[in-house]
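Have a look at input_35.csv; it's CSV, N, CA and C atoms:
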```csv
chain,number,residue,atom,x,y,z
A,1,VAL,N,0.9,-1.2,0.0
A,1,VAL,CA,0.0,0.0,0.0
A,1,VAL,C,0.9,1.2,0.0
A,2,GLN,N,0.6,2.1,-0.9
A,2,GLN,CA,1.5,3.3,-1.0
A,2,GLN,C,0.6,4.6,-0.9
A,3,LEU,N,1.1,5.4,0.0
A,3,LEU,CA,0.5,6.7,0.1
A,3,LEU,C,1.3,7.7,-0.7
A,4,GLN,N,0.6,8.5,-1.5
A,4,GLN,CA,1.2,9.4,-2.4
A,4,GLN,C,1.2,10.8,-1.8
A,5,ALA,N,2.4,11.3,-1.4
A,5,ALA,CA,2.5,12.6,-0.8
A,5,ALA,C,3.1,13.5,-1.8
A,6,SER,N,2.7,14.8,-1.8
A,6,SER,CA,3.3,15.8,-2.7
A,6,SER,C,3.1,17.2,-2.1
A,7,GLY,N,3.8,18.1,-2.7
A,7,GLY,CA,3.6,19.5,-2.3
A,7,GLY,C,4.8,20.1,-1.6
A,8,GLY,N,5.8,19.3,-1.3
A,8,GLY,CA,7.0,19.9,-0.6
A,8,GLY,C,7.7,20.8,-1.6
A,9,GLY,N,8.7,21.5,-1.0
A,9,GLY,CA,9.5,22.4,-1.8
A,9,GLY,C,10.3,23.3,-0.9
A,10,THR,N,10.8,24.4,-1.5
A,10,THR,CA,11.6,25.4,-0.8
A,10,THR,C,10.8,26.7,-0.8
A,11,VAL,N,10.7,27.3,0.3
A,11,VAL,CA,9.9,28.6,0.4
A,11,VAL,C,10.7,29.5,1.4
A,12,GLN,N,10.5,30.7,1.3
A,12,GLN,CA,11.1,31.7,2.2
A,12,GLN,C,10.3,31.7,3.5
A,13,ALA,N,10.9,32.1,4.6
A,13,ALA,CA,10.2,32.3,5.8
A,13,ALA,C,9.1,33.2,5.7
A,14,GLY,N,7.9,32.8,6.3
A,14,GLY,CA,6.7,33.6,6.2
A,14,GLY,C,5.8,33.1,5.0
A,15,GLY,N,6.3,32.3,4.2
A,15,GLY,CA,5.6,31.8,3.1
A,15,GLY,C,4.7,30.6,3.4
A,16,SER,N,4.1,30.1,2.4
A,16,SER,CA,3.1,29.0,2.6
A,16,SER,C,3.4,27.8,1.6
A,17,LEU,N,3.0,26.7,2.1
A,17,LEU,CA,3.0,25.4,1.2
A,17,LEU,C,1.8,24.6,1.6
A,18,ARG,N,1.4,23.9,0.6
A,18,ARG,CA,0.2,22.9,0.8
A,18,ARG,C,0.7,21.5,0.4
A,19,LEU,N,0.7,20.7,1.4
A,19,LEU,CA,1.0,19.3,1.2
A,19,LEU,C,-0.3,18.5,0.9
A,20,SER,N,-0.2,17.5,0.1
A,20,SER,CA,-1.4,16.6,-0.1
A,20,SER,C,-0.9,15.1,-0.1
A,21,CYS,N,-1.8,14.3,0.3
A,21,CYS,CA,-1.5,12.9,0.4
A,21,CYS,C,-2.8,12.1,0.0
A,22,ALA,N,-2.6,11.2,-1.0
A,22,ALA,CA,-3.7,10.4,-1.4
A,22,ALA,C,-3.5,8.9,-1.0
A,23,ALA,N,-4.5,8.3,-0.6
A,23,ALA,CA,-4.4,6.9,-0.2
A,23,ALA,C,-5.5,6.0,-0.9
A,24,PRO,N,-5.3,4.7,-1.0
A,24,PRO,CA,-6.3,3.9,-1.6
A,24,PRO,C,-7.6,4.0,-0.8
A,25,GLY,N,-8.7,3.9,-1.5
A,25,GLY,CA,-10.0,4.2,-0.8
A,25,GLY,C,-10.3,3.3,0.4
A,26,ASN,N,-9.9,2.0,0.2
A,26,ASN,CA,-10.3,1.0,1.3
A,26,ASN,C,-9.4,1.3,2.5
A,27,ILE,N,-8.3,2.0,2.4
A,27,ILE,CA,-7.5,2.4,3.5
A,27,ILE,C,-8.0,3.7,4.1
A,28,PHE,N,-8.2,4.7,3.2
A,28,PHE,CA,-8.5,6.0,3.6
A,28,PHE,C,-9.8,6.1,4.4
A,29,SER,N,-10.8,5.4,4.0
A,29,SER,CA,-12.1,5.5,4.6
A,29,SER,C,-12.1,5.0,6.0
A,30,ASN,N,-11.1,4.2,6.4
A,30,ASN,CA,-11.1,3.6,7.7
A,30,ASN,C,-9.9,4.2,8.6
A,31,ALA,N,-9.3,5.2,8.1
A,31,ALA,CA,-8.1,5.7,8.7
A,31,ALA,C,-8.2,7.1,9.3
A,32,ASP,N,-7.5,7.2,10.4
A,32,ASP,CA,-7.2,8.6,10.9
A,32,ASP,C,-5.9,9.0,10.1
A,33,MET,N,-6.0,10.1,9.5
A,33,MET,CA,-4.9,10.6,8.6
A,33,MET,C,-4.0,11.6,9.4
A,34,GLY,N,-2.7,11.5,9.2
A,34,GLY,CA,-1.8,12.4,9.9
A,34,GLY,C,-0.6,12.8,9.1
A,35,TRP,N,-0.1,13.9,9.5
A,35,TRP,CA,1.2,14.4,9.0
A,35,TRP,C,2.2,14.4,10.1
A,36,TYR,N,3.4,13.9,9.8
A,36,TYR,CA,4.5,13.9,10.8
A,36,TYR,C,5.7,14.5,10.1
A,37,ARG,N,6.6,14.9,10.9
A,37,ARG,CA,7.9,15.5,10.3
A,37,ARG,C,9.1,15.0,11.0
A,38,GLN,N,10.2,15.0,10.3
A,38,GLN,CA,11.5,14.6,11.0
A,38,GLN,C,12.6,15.5,10.4
A,39,ALA,N,13.2,16.2,11.3
A,39,ALA,CA,14.4,17.0,10.9
A,39,ALA,C,15.6,16.2,11.2
A,40,PRO,N,16.7,16.5,10.5
A,40,PRO,CA,18.0,15.8,10.8
A,40,PRO,C,18.3,15.8,12.3
A,41,GLY,N,18.6,14.6,12.9
A,41,GLY,CA,19.0,14.5,14.2
A,41,GLY,C,17.9,14.6,15.2
A,42,ASN,N,16.6,14.7,14.7
A,42,ASN,CA,15.4,14.8,15.6
A,42,ASN,C,14.6,13.5,15.4
A,43,GLN,N,13.7,13.3,16.4
A,43,GLN,CA,12.8,12.2,16.3
A,43,GLN,C,11.6,12.7,15.4
A,44,ARG,N,10.9,11.7,14.8
A,44,ARG,CA,9.7,12.1,14.1
A,44,ARG,C,8.6,12.6,15.0
A,45,GLU,N,8.0,13.6,14.6
A,45,GLU,CA,7.0,14.2,15.5
A,45,GLU,C,5.7,14.5,14.8
A,46,LEU,N,4.6,14.5,15.6
A,46,LEU,CA,3.3,14.8,15.0
A,46,LEU,C,3.2,16.2,14.6
A,47,VAL,N,2.7,16.5,13.4
A,47,VAL,CA,2.4,17.8,13.0
A,47,VAL,C,0.9,18.0,13.1
A,48,ALA,N,0.1,17.1,12.5
A,48,ALA,CA,-1.4,17.3,12.6
A,48,ALA,C,-2.0,15.9,12.2
A,49,LEU,N,-3.2,15.7,12.8
A,49,LEU,CA,-3.9,14.5,12.4
A,49,LEU,C,-5.4,14.9,12.3
A,50,ILE,N,-6.1,14.1,11.5
A,50,ILE,CA,-7.6,14.3,11.4
A,50,ILE,C,-8.2,12.9,11.4
A,51,THR,N,-9.2,12.8,12.2
A,51,THR,CA,-9.9,11.5,12.2
A,51,THR,C,-11.0,11.4,11.1
A,52,GLY,N,-11.5,10.2,11.0
A,52,GLY,CA,-12.6,10.1,9.9
A,52,GLY,C,-13.8,11.0,10.2
A,53,SER,N,-14.0,11.3,11.4
A,53,SER,CA,-15.1,12.2,11.7
A,53,SER,C,-14.8,13.7,11.7
A,54,GLY,N,-13.5,14.0,11.4
A,54,GLY,CA,-13.1,15.3,11.3
A,54,GLY,C,-12.5,16.0,12.5
A,55,ARG,N,-12.3,15.2,13.6
A,55,ARG,CA,-11.6,15.8,14.7
A,55,ARG,C,-10.2,16.0,14.4
A,56,THR,N,-9.6,17.1,14.8
A,56,THR,CA,-8.2,17.4,14.5
A,56,THR,C,-7.4,17.6,15.7
A,57,GLU,N,-6.1,17.4,15.5
A,57,GLU,CA,-5.1,17.5,16.6
A,57,GLU,C,-3.9,18.1,16.0
A,58,TYR,N,-3.2,19.0,16.7
A,58,TYR,CA,-2.0,19.6,16.1
A,58,TYR,C,-0.8,19.5,17.1
A,59,GLY,N,0.4,19.5,16.6
A,59,GLY,CA,1.6,19.6,17.4
A,59,GLY,C,1.6,21.0,18.1
A,60,GLU,N,2.2,21.1,19.3
A,60,GLU,CA,2.2,22.3,20.0
A,60,GLU,C,2.9,23.5,19.2
A,61,PHE,N,3.8,23.1,18.4
A,61,PHE,CA,4.6,24.1,17.7
A,61,PHE,C,3.8,24.7,16.5
A,62,VAL,N,2.6,24.1,16.2
A,62,VAL,CA,1.9,24.6,15.0
A,62,VAL,C,1.3,26.0,15.4
A,63,LYS,N,0.7,26.1,16.5
A,63,LYS,CA,0.2,27.4,17.0
A,63,LYS,C,-0.7,28.2,16.0
A,64,GLY,N,-1.6,27.5,15.4
A,64,GLY,CA,-2.5,28.1,14.5
A,64,GLY,C,-2.0,28.4,13.1
A,65,ARG,N,-0.8,28.0,12.8
A,65,ARG,CA,-0.3,28.3,11.4
A,65,ARG,C,-0.7,27.3,10.4
A,66,PHE,N,-0.9,26.0,10.8
A,66,PHE,CA,-1.2,24.9,9.9
A,66,PHE,C,-2.7,24.5,10.0
A,67,THR,N,-3.2,24.0,8.9
A,67,THR,CA,-4.6,23.4,8.9
A,67,THR,C,-4.6,22.1,8.2
A,68,ILE,N,-5.1,21.1,8.8
A,68,ILE,CA,-5.3,19.8,8.2
A,68,ILE,C,-6.7,19.6,7.8
A,69,SER,N,-6.9,19.0,6.6
A,69,SER,CA,-8.3,18.8,6.1
A,69,SER,C,-8.3,17.5,5.3
A,70,ARG,N,-9.4,16.9,5.1
A,70,ARG,CA,-9.5,15.7,4.3
A,70,ARG,C,-10.8,15.7,3.5
A,71,ASP,N,-10.7,15.1,2.3
A,71,ASP,CA,-11.9,14.9,1.5
A,71,ASP,C,-12.1,13.4,1.3
A,72,ASN,N,-13.1,12.9,2.0
A,72,ASN,CA,-13.3,11.4,1.9
A,72,ASN,C,-13.7,10.9,0.6
A,73,ALA,N,-14.3,11.8,-0.3
A,73,ALA,CA,-14.6,11.4,-1.6
A,73,ALA,C,-13.4,11.3,-2.5
A,74,LYS,N,-12.4,12.1,-2.2
A,74,LYS,CA,-11.2,12.1,-3.0
A,74,LYS,C,-10.1,11.2,-2.4
A,75,ASN,N,-10.3,10.7,-1.2
A,75,ASN,CA,-9.3,9.9,-0.5
A,75,ASN,C,-8.0,10.7,-0.3
A,76,THR,N,-8.1,11.9,0.0
A,76,THR,CA,-7.0,12.8,0.1
A,76,THR,C,-7.0,13.6,1.4
A,77,VAL,N,-5.8,13.9,1.9
A,77,VAL,CA,-5.7,14.7,3.1
A,77,VAL,C,-4.7,15.8,2.7
A,78,TRP,N,-5.0,17.0,3.2
A,78,TRP,CA,-4.1,18.2,2.9
A,78,TRP,C,-3.6,18.8,4.2
A,79,LEU,N,-2.4,19.4,4.1
A,79,LEU,CA,-1.9,20.2,5.2
A,79,LEU,C,-1.5,21.5,4.6
A,80,GLN,N,-2.3,22.5,5.0
A,80,GLN,CA,-2.0,23.9,4.6
A,80,GLN,C,-1.1,24.5,5.6
A,81,MET,N,0.1,24.9,5.2
A,81,MET,CA,1.1,25.5,6.1
A,81,MET,C,1.3,26.9,5.8
A,82,ASN,N,1.0,27.8,6.7
A,82,ASN,CA,1.3,29.2,6.5
A,82,ASN,C,2.3,29.7,7.5
A,83,SER,N,2.8,30.9,7.3
A,83,SER,CA,3.7,31.5,8.2
A,83,SER,C,4.9,30.6,8.5
A,84,LEU,N,5.4,30.0,7.5
A,84,LEU,CA,6.5,29.0,7.7
A,84,LEU,C,7.7,29.6,8.3
A,85,LYS,N,8.4,28.9,9.2
A,85,LYS,CA,9.6,29.3,9.8
A,85,LYS,C,10.8,28.4,9.4
A,86,ALA,N,12.0,28.8,9.6
A,86,ALA,CA,13.1,28.0,9.3
A,86,ALA,C,13.1,26.7,10.0
A,87,GLU,N,12.6,26.7,11.2
A,87,GLU,CA,12.6,25.5,12.1
A,87,GLU,C,11.5,24.5,11.6
A,88,ASP,N,10.7,24.9,10.6
A,88,ASP,CA,9.7,23.9,10.0
A,88,ASP,C,10.4,23.1,9.0
A,89,THR,N,11.7,23.4,8.7
A,89,THR,CA,12.4,22.6,7.7
A,89,THR,C,12.5,21.1,8.2
A,90,ALA,N,12.1,20.2,7.3
A,90,ALA,CA,12.1,18.8,7.7
A,90,ALA,C,11.5,18.0,6.5
A,91,VAL,N,11.6,16.7,6.7
A,91,VAL,CA,10.9,15.8,5.8
A,91,VAL,C,9.5,15.5,6.4
A,92,TYR,N,8.5,15.7,5.6
A,92,TYR,CA,7.1,15.5,6.1
A,92,TYR,C,6.6,14.2,5.5
A,93,TYR,N,6.0,13.5,6.4
A,93,TYR,CA,5.4,12.1,6.1
A,93,TYR,C,3.9,12.1,6.3
A,94,CYS,N,3.3,11.4,5.5
A,94,CYS,CA,1.8,11.2,5.6
A,94,CYS,C,1.6,9.8,6.2
A,95,LYS,N,0.7,9.7,7.1
A,95,LYS,CA,0.4,8.4,7.8
A,95,LYS,C,-1.1,8.1,7.8
A,96,ALA,N,-1.4,6.9,7.5
A,96,ALA,CA,-2.8,6.4,7.6
A,96,ALA,C,-2.9,5.4,8.7
A,97,ALA,N,-3.6,5.7,9.8
A,97,ALA,CA,-3.7,4.8,10.9
A,97,ALA,C,-5.0,4.1,10.9
A,98,THR,N,-5.0,2.8,10.7
A,98,THR,CA,-6.3,2.1,10.8
A,98,THR,C,-6.2,1.2,12.0
A,99,PHE,N,-7.3,0.5,12.3
A,99,PHE,CA,-7.4,-0.3,13.5
A,99,PHE,C,-6.3,-1.4,13.5
A,100,PHE,N,-6.0,-1.9,12.3
A,100,PHE,CA,-5.1,-3.1,12.2
A,100,PHE,C,-3.7,-2.7,11.9
A,101,LYS,N,-3.5,-1.5,11.2
A,101,LYS,CA,-2.1,-1.3,10.7
A,101,LYS,C,-2.0,0.2,10.4
A,102,ASN,N,-0.7,0.6,10.5
A,102,ASN,CA,-0.3,2.0,10.1
A,102,ASN,C,0.4,1.9,8.8
A,103,TYR,N,0.1,2.9,7.9
A,103,TYR,CA,0.7,3.0,6.6
A,103,TYR,C,1.4,4.3,6.5
A,104,TRP,N,2.6,4.3,6.0
A,104,TRP,CA,3.4,5.5,5.8
A,104,TRP,C,3.7,5.8,4.4
A,105,GLY,N,3.7,7.0,4.0
A,105,GLY,CA,4.1,7.4,2.7
A,105,GLY,C,5.5,7.8,2.7
A,106,GLU,N,6.1,7.9,1.5
A,106,GLU,CA,7.4,8.4,1.4
A,106,GLU,C,7.4,9.9,1.7
A,107,GLY,N,8.4,10.4,2.3
A,107,GLY,CA,8.4,11.8,2.8
A,107,GLY,C,8.6,12.8,1.6
A,108,THR,N,8.2,14.0,1.9
A,108,THR,CA,8.4,15.1,1.0
A,108,THR,C,9.1,16.2,1.8
A,109,GLN,N,10.2,16.7,1.1
A,109,GLN,CA,11.0,17.6,1.8
A,109,GLN,C,10.4,19.0,1.8
A,110,VAL,N,10.4,19.6,3.0
A,110,VAL,CA,10.0,21.1,3.1
A,110,VAL,C,11.2,21.8,3.6
A,111,THR,N,11.7,22.8,2.9
A,111,THR,CA,12.8,23.6,3.3
A,111,THR,C,12.4,25.1,3.3
A,112,VAL,N,12.6,25.7,4.5
A,112,VAL,CA,12.2,27.1,4.7
A,112,VAL,C,13.5,27.9,4.9
A,113,SER,N,13.7,28.8,4.0
A,113,SER,CA,14.9,29.6,4.0
A,113,SER,C,14.6,30.9,4.8
A,114,SER,N,15.6,31.2,5.6
A,114,SER,CA,15.4,32.5,6.5
A,114,SER,C,16.0,33.7,5.8
```
Could you write out this structure as structure tokens?
Amino acid sequence: VQLQASGGGTVQAGGSLRLSCAAPGNIFSNADMGWYRQAPGNQRELVALITGSGRTEYGEFVKGRFTISRDNAKNTVWLQMNSLKAEDTAVYYCKAATFFKNYWGEGTQVTVSS
């Protein structure tokens, strides 16, 4: 099972990026979808997650700058990132968490230049 993540890139501090992640329908419909990130030398950490019912949770560092959303008809989750900071530079990973198994996508690099 492969999650298709896209939208990473290089942006200046204060800018915005929108990440997207598509999953197979049979996975997506039963999954809590999340975005995690990992910077060099750091552990992977939660950025945001959204349950099938739309409940959201964010990492403390987000502080209102990011918004996670999902479209169950398109089997896609998005992460809108605004007011990006240099410390947001990391590889961002999409995760689908089902009752039985977690699925991870390949990461997408986000680089924020100061």
Minimum-distance residue to Leu46 in chain A, chosen among A:Thr76, A:Cys94, A:Glu106, A:Gly64 (using only C-alpha atoms):
A:Cys94
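Atom to atom, CA of Ser69 in chain A and CA of Ser114 in chain A stand 27.4 Å apart.
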Could you list, as a count of residues only, every residue within 8 Å of range 16-26 of chain A, counting all atoms listed in the file and ignoring same-chain residues fewer than 3 positions away?
31
DSSP on the backbone, then: every residue of range 9-97 of chain A marked helix (DSSP H, G or I), written as number ranges by chain.
A: 25-28, 86-88
Just list the residues in range 3-66 of chain A DSSP gives strand (DSSP E) on the backbone, as a PyMOL selection string.
chain A and resi 4-6+9-12+17-22+32-38+45-50+56-58+66
Please produce a file of the residues just selected, as an mmCIF file, in the coordinates of the input, where the atoms kept are N, CA and C atoms.
```cif
data_model
loop_
_atom_site.group_PDB
_atom_site.id
_atom_site.type_symbol
_atom_site.label_atom_id
_atom_site.label_comp_id
_atom_site.auth_asym_id
_atom_site.auth_seq_id
_atom_site.Cartn_x
_atom_site.Cartn_y
_atom_site.Cartn_z
ATOM 1 N N GLN A 4 0.600 8.500 -1.500
ATOM 2 C CA GLN A 4 1.200 9.400 -2.400
ATOM 3 C C GLN A 4 1.200 10.800 -1.800
ATOM 4 N N ALA A 5 2.400 11.300 -1.400
ATOM 5 C CA ALA A 5 2.500 12.600 -0.800
ATOM 6 C C ALA A 5 3.100 13.500 -1.800
ATOM 7 N N SER A 6 2.700 14.800 -1.800
ATOM 8 C CA SER A 6 3.300 15.800 -2.700
ATOM 9 C C SER A 6 3.100 17.200 -2.100
ATOM 10 N N GLY A 9 8.700 21.500 -1.000
ATOM 11 C CA GLY A 9 9.500 22.400 -1.800
ATOM 12 C C GLY A 9 10.300 23.300 -0.900
ATOM 13 N N THR A 10 10.800 24.400 -1.500
ATOM 14 C CA THR A 10 11.600 25.400 -0.800
ATOM 15 C C THR A 10 10.800 26.700 -0.800
ATOM 16 N N VAL A 11 10.700 27.300 0.300
ATOM 17 C CA VAL A 11 9.900 28.600 0.400
ATOM 18 C C VAL A 11 10.700 29.500 1.400
ATOM 19 N N GLN A 12 10.500 30.700 1.300
ATOM 20 C CA GLN A 12 11.100 31.700 2.200
ATOM 21 C C GLN A 12 10.300 31.700 3.500
ATOM 22 N N LEU A 17 3.000 26.700 2.100
ATOM 23 C CA LEU A 17 3.000 25.400 1.200
ATOM 24 C C LEU A 17 1.800 24.600 1.600
ATOM 25 N N ARG A 18 1.400 23.900 0.600
ATOM 26 C CA ARG A 18 0.200 22.900 0.800
ATOM 27 C C ARG A 18 0.700 21.500 0.400
ATOM 28 N N LEU A 19 0.700 20.700 1.400
ATOM 29 C CA LEU A 19 1.000 19.300 1.200
ATOM 30 C C LEU A 19 -0.300 18.500 0.900
ATOM 31 N N SER A 20 -0.200 17.500 0.100
ATOM 32 C CA SER A 20 -1.400 16.600 -0.100
ATOM 33 C C SER A 20 -0.900 15.100 -0.100
ATOM 34 N N CYS A 21 -1.800 14.300 0.300
ATOM 35 C CA CYS A 21 -1.500 12.900 0.400
ATOM 36 C C CYS A 21 -2.800 12.100 0.000
ATOM 37 N N ALA A 22 -2.600 11.200 -1.000
ATOM 38 C CA ALA A 22 -3.700 10.400 -1.400
ATOM 39 C C ALA A 22 -3.500 8.900 -1.000
ATOM 40 N N ASP A 32 -7.500 7.200 10.400
ATOM 41 C CA ASP A 32 -7.200 8.600 10.900
ATOM 42 C C ASP A 32 -5.900 9.000 10.100
ATOM 43 N N MET A 33 -6.000 10.100 9.500
ATOM 44 C CA MET A 33 -4.900 10.600 8.600
ATOM 45 C C MET A 33 -4.000 11.600 9.400
ATOM 46 N N GLY A 34 -2.700 11.500 9.200
ATOM 47 C CA GLY A 34 -1.800 12.400 9.900
ATOM 48 C C GLY A 34 -0.600 12.800 9.100
ATOM 49 N N TRP A 35 -0.100 13.900 9.500
ATOM 50 C CA TRP A 35 1.200 14.400 9.000
ATOM 51 C C TRP A 35 2.200 14.400 10.100
ATOM 52 N N TYR A 36 3.400 13.900 9.800
ATOM 53 C CA TYR A 36 4.500 13.900 10.800
ATOM 54 C C TYR A 36 5.700 14.500 10.100
ATOM 55 N N ARG A 37 6.600 14.900 10.900
ATOM 56 C CA ARG A 37 7.900 15.500 10.300
ATOM 57 C C ARG A 37 9.100 15.000 11.000
ATOM 58 N N GLN A 38 10.200 15.000 10.300
ATOM 59 C CA GLN A 38 11.500 14.600 11.000
ATOM 60 C C GLN A 38 12.600 15.500 10.400
ATOM 61 N N GLU A 45 8.000 13.600 14.600
ATOM 62 C CA GLU A 45 7.000 14.200 15.500
ATOM 63 C C GLU A 45 5.700 14.500 14.800
ATOM 64 N N LEU A 46 4.600 14.500 15.600
ATOM 65 C CA LEU A 46 3.300 14.800 15.000
ATOM 66 C C LEU A 46 3.200 16.200 14.600
ATOM 67 N N VAL A 47 2.700 16.500 13.400
ATOM 68 C CA VAL A 47 2.400 17.800 13.000
ATOM 69 C C VAL A 47 0.900 18.000 13.100
ATOM 70 N N ALA A 48 0.100 17.100 12.500
ATOM 71 C CA ALA A 48 -1.400 17.300 12.600
ATOM 72 C C ALA A 48 -2.000 15.900 12.200
ATOM 73 N N LEU A 49 -3.200 15.700 12.800
ATOM 74 C CA LEU A 49 -3.900 14.500 12.400
ATOM 75 C C LEU A 49 -5.400 14.900 12.300
ATOM 76 N N ILE A 50 -6.100 14.100 11.500
ATOM 77 C CA ILE A 50 -7.600 14.300 11.400
ATOM 78 C C ILE A 50 -8.200 12.900 11.400
ATOM 79 N N THR A 56 -9.600 17.100 14.800
ATOM 80 C CA THR A 56 -8.200 17.400 14.500
ATOM 81 C C THR A 56 -7.400 17.600 15.700
ATOM 82 N N GLU A 57 -6.100 17.400 15.500
ATOM 83 C CA GLU A 57 -5.100 17.500 16.600
ATOM 84 C C GLU A 57 -3.900 18.100 16.000
ATOM 85 N N TYR A 58 -3.200 19.000 16.700
ATOM 86 C CA TYR A 58 -2.000 19.600 16.100
ATOM 87 C C TYR A 58 -0.800 19.500 17.100
ATOM 88 N N PHE A 66 -0.900 26.000 10.800
ATOM 89 C CA PHE A 66 -1.200 24.900 9.900
ATOM 90 C C PHE A 66 -2.700 24.500 10.000
#
```
Pick from A:Gly15, A:Asp71, A:Gly52, A:Glu45, whichever lies nearest to Asp32 in chain A using all atoms listed in the file
A:Gly52
Test item: residues at most 8 Å from Tyr36 in chain A, all atoms listed in the file, excluding those fewer than 3 positions along its chain, as an NGL selection string
:A and (33 or 39 or 44-49 or 90-95)
Mind dumping the selected residues with N, CA and C atoms as an mmCIF file, in the coordinates of the input?
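result11.cif was written with the following content:
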```cif
data_model
loop_
_atom_site.group_PDB
_atom_site.id
_atom_site.type_symbol
_atom_site.label_atom_id
_atom_site.label_comp_id
_atom_site.auth_asym_id
_atom_site.auth_seq_id
_atom_site.Cartn_x
_atom_site.Cartn_y
_atom_site.Cartn_z
ATOM 1 N N MET A 33 -6.000 10.100 9.500
ATOM 2 C CA MET A 33 -4.900 10.600 8.600
ATOM 3 C C MET A 33 -4.000 11.600 9.400
ATOM 4 N N ALA A 39 13.200 16.200 11.300
ATOM 5 C CA ALA A 39 14.400 17.000 10.900
ATOM 6 C C ALA A 39 15.600 16.200 11.200
ATOM 7 N N ARG A 44 10.900 11.700 14.800
ATOM 8 C CA ARG A 44 9.700 12.100 14.100
ATOM 9 C C ARG A 44 8.600 12.600 15.000
ATOM 10 N N GLU A 45 8.000 13.600 14.600
ATOM 11 C CA GLU A 45 7.000 14.200 15.500
ATOM 12 C C GLU A 45 5.700 14.500 14.800
ATOM 13 N N LEU A 46 4.600 14.500 15.600
ATOM 14 C CA LEU A 46 3.300 14.800 15.000
ATOM 15 C C LEU A 46 3.200 16.200 14.600
ATOM 16 N N VAL A 47 2.700 16.500 13.400
ATOM 17 C CA VAL A 47 2.400 17.800 13.000
ATOM 18 C C VAL A 47 0.900 18.000 13.100
ATOM 19 N N ALA A 48 0.100 17.100 12.500
ATOM 20 C CA ALA A 48 -1.400 17.300 12.600
ATOM 21 C C ALA A 48 -2.000 15.900 12.200
ATOM 22 N N LEU A 49 -3.200 15.700 12.800
ATOM 23 C CA LEU A 49 -3.900 14.500 12.400
ATOM 24 C C LEU A 49 -5.400 14.900 12.300
ATOM 25 N N ALA A 90 12.100 20.200 7.300
ATOM 26 C CA ALA A 90 12.100 18.800 7.700
ATOM 27 C C ALA A 90 11.500 18.000 6.500
ATOM 28 N N VAL A 91 11.600 16.700 6.700
ATOM 29 C CA VAL A 91 10.900 15.800 5.800
ATOM 30 C C VAL A 91 9.500 15.500 6.400
ATOM 31 N N TYR A 92 8.500 15.700 5.600
ATOM 32 C CA TYR A 92 7.100 15.500 6.100
ATOM 33 C C TYR A 92 6.600 14.200 5.500
ATOM 34 N N TYR A 93 6.000 13.500 6.400
ATOM 35 C CA TYR A 93 5.400 12.100 6.100
ATOM 36 C C TYR A 93 3.900 12.100 6.300
ATOM 37 N N CYS A 94 3.300 11.400 5.500
ATOM 38 C CA CYS A 94 1.800 11.200 5.600
ATOM 39 C C CYS A 94 1.600 9.800 6.200
ATOM 40 N N LYS A 95 0.700 9.700 7.100
ATOM 41 C CA LYS A 95 0.400 8.400 7.800
ATOM 42 C C LYS A 95 -1.100 8.100 7.800
#
```
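Coordinates place CA of Gly105 in chain A at a distance of 22.9 Å from atom N of Lys85 in chain A.
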Computed gap from atom N of Gly41 in chain A to atom N of Arg70 in chain A is 29.2 Å
